[in-house]
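Each remark here refers to the structure printed beneath this line.
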Amino acid sequence: MPYRRLRVLPLLAAALTLILGPTPGARAINRLSAPVSAVARPAPVAEVDPGAIPYPPGAVTPPTSAPTAGTSVAGGTGAARPSGSPSPSGSRGGQPPDRSVGPGGSAKRTGSAAVALTFDDGPDPVQTPALLDLLRRHGVKATFCLVGFRARDNPDLVRRIAAEGHALCNHSWQHLVDLAQRPVDEIRHDLEATNDAIRAAMPGAKIRYFRAPGGHFTPDLVAIARGYGMASIYWQVDPRDWDHRGTASDQEHIARVIEAVRHEVRPGAIVLSHDNRQPTTIEAYRTLLPWLKARFTLRALPT
Ligand SMILES: [Zn+2]
């Protein structure tokens with residue numbers, strides 16, 4: 001992908017902003033009810049090389065919180081509520097931030113005692129099949145947050161994920177960590193292109209969830225996703241499985257990931273992990289799955 005094409009995007013976005021004018025959040029949300037075809041579609045979303053997804057993937061470190069009830073995805077119909085909730089990153093009127101809710105009002109918990117394992121950034125032609133084999137062996141259903149262009153490139157894996165009973169989650173077309181700052185039309189096009197790629201592989205697929213790259217949700221981004229019937233999911237447990245520290249051996253890294261999940265997981269937690277280019281994550285789950293199954297109900301997020 002020529003660098004030049006990527007550089008054109010901000011210019012295109014700026015041009016659209018000039019043409020359309022500033023787009024206040026409320027107006028943007030109202031426009032969600034308009035038919036998709038009625039909205040001007042920007043140029044096709046650029047791709048990045050699969051290796052170009054930045055690691056660390058822009059992760060927002062969630063505040064440590066007790067396992068209290070918070071925004072959840074119970075019932076799977078709706079969406080993360082309430083959109084006006086304070087984000088952990090800020091508070092108003094002197095109120096302390098609500099640590100049970102993810103950024104932008106996204107969900108950190110499942111809404112039941114069940115624990116939801118979520119795997120981001122795939123499908124990966126090598127790691128995702130290995131993970132699917134492992135999950136099948138243990139009879140565990142999970143949730144896969146798919147990157148659009150990888151879904152397009154690996155349609156057989158999209159079909160396998162869905163056919164084996166896992167839930168599907170839109171993780172944006174190419175993992176732009178500043179997606180929430182992009183013009184609304186670009187965000188919409190990004191989410192639509194990703195859902196289109198998933199449904200091209202699996203017609204009629206239910207895509208009930210959205211996870212912003214790096215967890216960088218805003219209330220507007222959560223509202224846009226909701227307009228497509230997708231609840232925004234953050235996480236309560238993040239073992240930072242992508243974070244291969246300095247001199248740590250693979251075995252040390254795997255042990256750290258296992259220990260992090262064991263230490264942090266509680267009933268109702270959404271657990272974040274990655275299957276793209278993370279063979280050590282799958283190794284960690286060979287140990288974690290029996291441990292988790294003995295203590296928790298593991299379920300795909302409801303569809
Ligand atoms: Zn990601």
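By convention in this document, the chains of the structure tokens carry letters A, B, ... by their order, each chain's residues are numbered from 1, and ligands are numbered from 1 in the order they are shown.
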
Got a sec to check which residues lie within 7 Å of ligand 1, using only C-alpha atoms and all ligand atoms, and send them as a VMD selection string?
-> chain A and resid 57 120 to 121 171 175 213 to 214

Mind dumping a table of every stretch 124-215 of chain A residue within 9 Å of stretch 107-117 of chain A, with the nearest atom pair and its distance in Å to one decimal, using only C-alpha atoms, sorted by chain and rising number, as a Markdown table?
| residue | atom | partner | partner_atom | distance |
| --- | --- | --- | --- | --- |
| A:Lys141 | CA | A:Leu117 | CA | 8.1 |
| A:Ala142 | CA | A:Leu117 | CA | 5.2 |
| A:Thr143 | CA | A:Leu117 | CA | 6.2 |
| A:Phe144 | CA | A:Leu117 | CA | 8.6 |

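Using only C-alpha atoms, the residues found no farther than 12 Å from A:Trp291, other than those of its own chain fewer than 5 positions away, are A:His138, A:Ile258, A:Glu259, A:Val261, A:Arg262, A:His263, A:Val265, A:Ala284, A:Tyr285, A:Arg286, A:Phe296, A:Thr297, A:Leu298.
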
Put those residues in a file: N, CA and C atoms, as a PDB file, in the first residue's frame.
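Below you can see selection37.pdb, which holds the result:
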ATOM      1  N   HIS A 138     -12.394 -27.800  24.151  1.00  0.00           N
ATOM      2  CA  HIS A 138     -12.898 -27.542  25.507  1.00  0.00           C
ATOM      3  C   HIS A 138     -14.378 -27.195  25.525  1.00  0.00           C
ATOM      4  N   ILE A 258      -0.907 -15.954  31.971  1.00  0.00           N
ATOM      5  CA  ILE A 258      -1.743 -16.867  32.762  1.00  0.00           C
ATOM      6  C   ILE A 258      -2.002 -16.280  34.143  1.00  0.00           C
ATOM      7  N   GLU A 259      -0.967 -15.807  34.778  1.00  0.00           N
ATOM      8  CA  GLU A 259      -1.099 -15.277  36.124  1.00  0.00           C
ATOM      9  C   GLU A 259      -1.991 -14.030  36.135  1.00  0.00           C
ATOM     10  N   VAL A 261      -4.476 -13.242  34.112  1.00  0.00           N
ATOM     11  CA  VAL A 261      -5.889 -13.609  33.969  1.00  0.00           C
ATOM     12  C   VAL A 261      -6.391 -14.255  35.255  1.00  0.00           C
ATOM     13  N   ARG A 262      -5.619 -15.175  35.795  1.00  0.00           N
ATOM     14  CA  ARG A 262      -6.053 -15.844  37.034  1.00  0.00           C
ATOM     15  C   ARG A 262      -6.278 -14.834  38.153  1.00  0.00           C
ATOM     16  N   HIS A 263      -5.432 -13.845  38.218  1.00  0.00           N
ATOM     17  CA  HIS A 263      -5.500 -12.870  39.307  1.00  0.00           C
ATOM     18  C   HIS A 263      -6.682 -11.913  39.144  1.00  0.00           C
ATOM     19  N   VAL A 265      -9.525 -12.164  36.899  1.00  0.00           N
ATOM     20  CA  VAL A 265     -10.856 -12.555  36.415  1.00  0.00           C
ATOM     21  C   VAL A 265     -11.840 -12.736  37.570  1.00  0.00           C
ATOM     22  N   ALA A 284      -0.976 -19.845  26.264  1.00  0.00           N
ATOM     23  CA  ALA A 284      -1.475 -19.487  27.600  1.00  0.00           C
ATOM     24  C   ALA A 284      -2.873 -20.062  27.819  1.00  0.00           C
ATOM     25  N   TYR A 285      -3.701 -20.000  26.788  1.00  0.00           N
ATOM     26  CA  TYR A 285      -5.078 -20.492  26.944  1.00  0.00           C
ATOM     27  C   TYR A 285      -5.145 -22.020  27.021  1.00  0.00           C
ATOM     28  N   ARG A 286      -4.111 -22.708  26.570  1.00  0.00           N
ATOM     29  CA  ARG A 286      -4.106 -24.173  26.785  1.00  0.00           C
ATOM     30  C   ARG A 286      -4.135 -24.473  28.278  1.00  0.00           C
ATOM     31  N   PHE A 296     -15.624 -20.867  36.326  1.00  0.00           N
ATOM     32  CA  PHE A 296     -16.567 -19.900  35.753  1.00  0.00           C
ATOM     33  C   PHE A 296     -17.357 -20.554  34.631  1.00  0.00           C
ATOM     34  N   THR A 297     -18.486 -19.918  34.326  1.00  0.00           N
ATOM     35  CA  THR A 297     -19.200 -20.264  33.093  1.00  0.00           C
ATOM     36  C   THR A 297     -18.641 -19.375  31.989  1.00  0.00           C
ATOM     37  N   LEU A 298     -18.137 -20.012  30.948  1.00  0.00           N
ATOM     38  CA  LEU A 298     -17.574 -19.246  29.832  1.00  0.00           C
ATOM     39  C   LEU A 298     -18.584 -19.251  28.690  1.00  0.00           C
TER      40      LEU A 298
END

Backbone-only DSSP, alpha helix (DSSP H) members of stretch 123-299 of chain A, as a PyMOL selection string | chain A and resi 127-138+148-153+155-163+184-201+219-227+250-264+279-295

Would you give me, as a list in words, the residues in stretch 77-225 of chain A that DSSP reads as strand (DSSP E or B)?
->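 Here are the strand (DSSP E or B) residues of stretch 77-225 of chain A: Ala107, Arg109, Val115, Ala116, Leu117, Thr118, Phe119, Asp120, Thr143, Phe144, Cys145, Leu146, Ala167, Leu168, Cys169, Asn170, Ile207, Arg208, Tyr209 and Phe210 of chain A.
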
How would the residues just chosen look if you wrote them out with C-alpha atoms as a PDB file, in the first residue's frame?
ATOM      1  CA  ALA A 107     -19.422  -2.287  28.519  1.00  0.00           C
ATOM      2  CA  ARG A 109     -18.910  -6.726  31.952  1.00  0.00           C
ATOM      3  CA  VAL A 115     -17.186 -14.706  31.749  1.00  0.00           C
ATOM      4  CA  ALA A 116     -16.703 -13.704  28.112  1.00  0.00           C
ATOM      5  CA  LEU A 117     -13.382 -14.365  26.422  1.00  0.00           C
ATOM      6  CA  THR A 118     -12.785 -11.949  23.556  1.00  0.00           C
ATOM      7  CA  PHE A 119     -10.072 -12.334  20.927  1.00  0.00           C
ATOM      8  CA  ASP A 120      -9.099  -9.321  18.854  1.00  0.00           C
ATOM      9  CA  THR A 143     -16.258 -13.647  20.935  1.00  0.00           C
ATOM     10  CA  PHE A 144     -14.030 -12.653  18.022  1.00  0.00           C
ATOM     11  CA  CYS A 145     -13.420  -8.979  17.265  1.00  0.00           C
ATOM     12  CA  LEU A 146     -12.471  -9.025  13.603  1.00  0.00           C
ATOM     13  CA  ALA A 167     -19.991 -14.323  18.579  1.00  0.00           C
ATOM     14  CA  LEU A 168     -18.831 -11.784  16.026  1.00  0.00           C
ATOM     15  CA  CYS A 169     -17.586  -8.319  16.835  1.00  0.00           C
ATOM     16  CA  ASN A 170     -16.581  -5.503  14.490  1.00  0.00           C
ATOM     17  CA  ILE A 207     -22.665  -8.748  14.339  1.00  0.00           C
ATOM     18  CA  ARG A 208     -23.892  -7.496  17.697  1.00  0.00           C
ATOM     19  CA  TYR A 209     -20.684  -6.027  19.063  1.00  0.00           C
ATOM     20  CA  PHE A 210     -18.134  -3.381  18.300  1.00  0.00           C
TER      21      PHE A 210
END

Long-range neighbours of A:Leu191 as a list in words, 7 Å cut-off, only C-alpha atoms, 4 positions minimum in chain = Ser172, Trp173, Ile187 and Asn195 of chain A

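Our summary of the geometry notes that atom CA of A:Thr303 is positioned 6.9 Å from atom CA of A:Lys206.
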
Pairwise distance for atom CA of A:Arg240 and atom CA of A:Val101, rounded to one decimal in Å | 19.6 Å

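Counting only C-alpha atoms and comparing A:Pro103, A:Pro183, A:Gly215, A:Pro279, the residue that lies closest to A:Leu131 is A:Pro279.
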
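Ranking A:Arg226, A:Arg152, A:Arg266, A:Arg245 by their shortest atom-to-atom distance to A:Arg199, with only C-alpha atoms included, puts A:Arg152 first.
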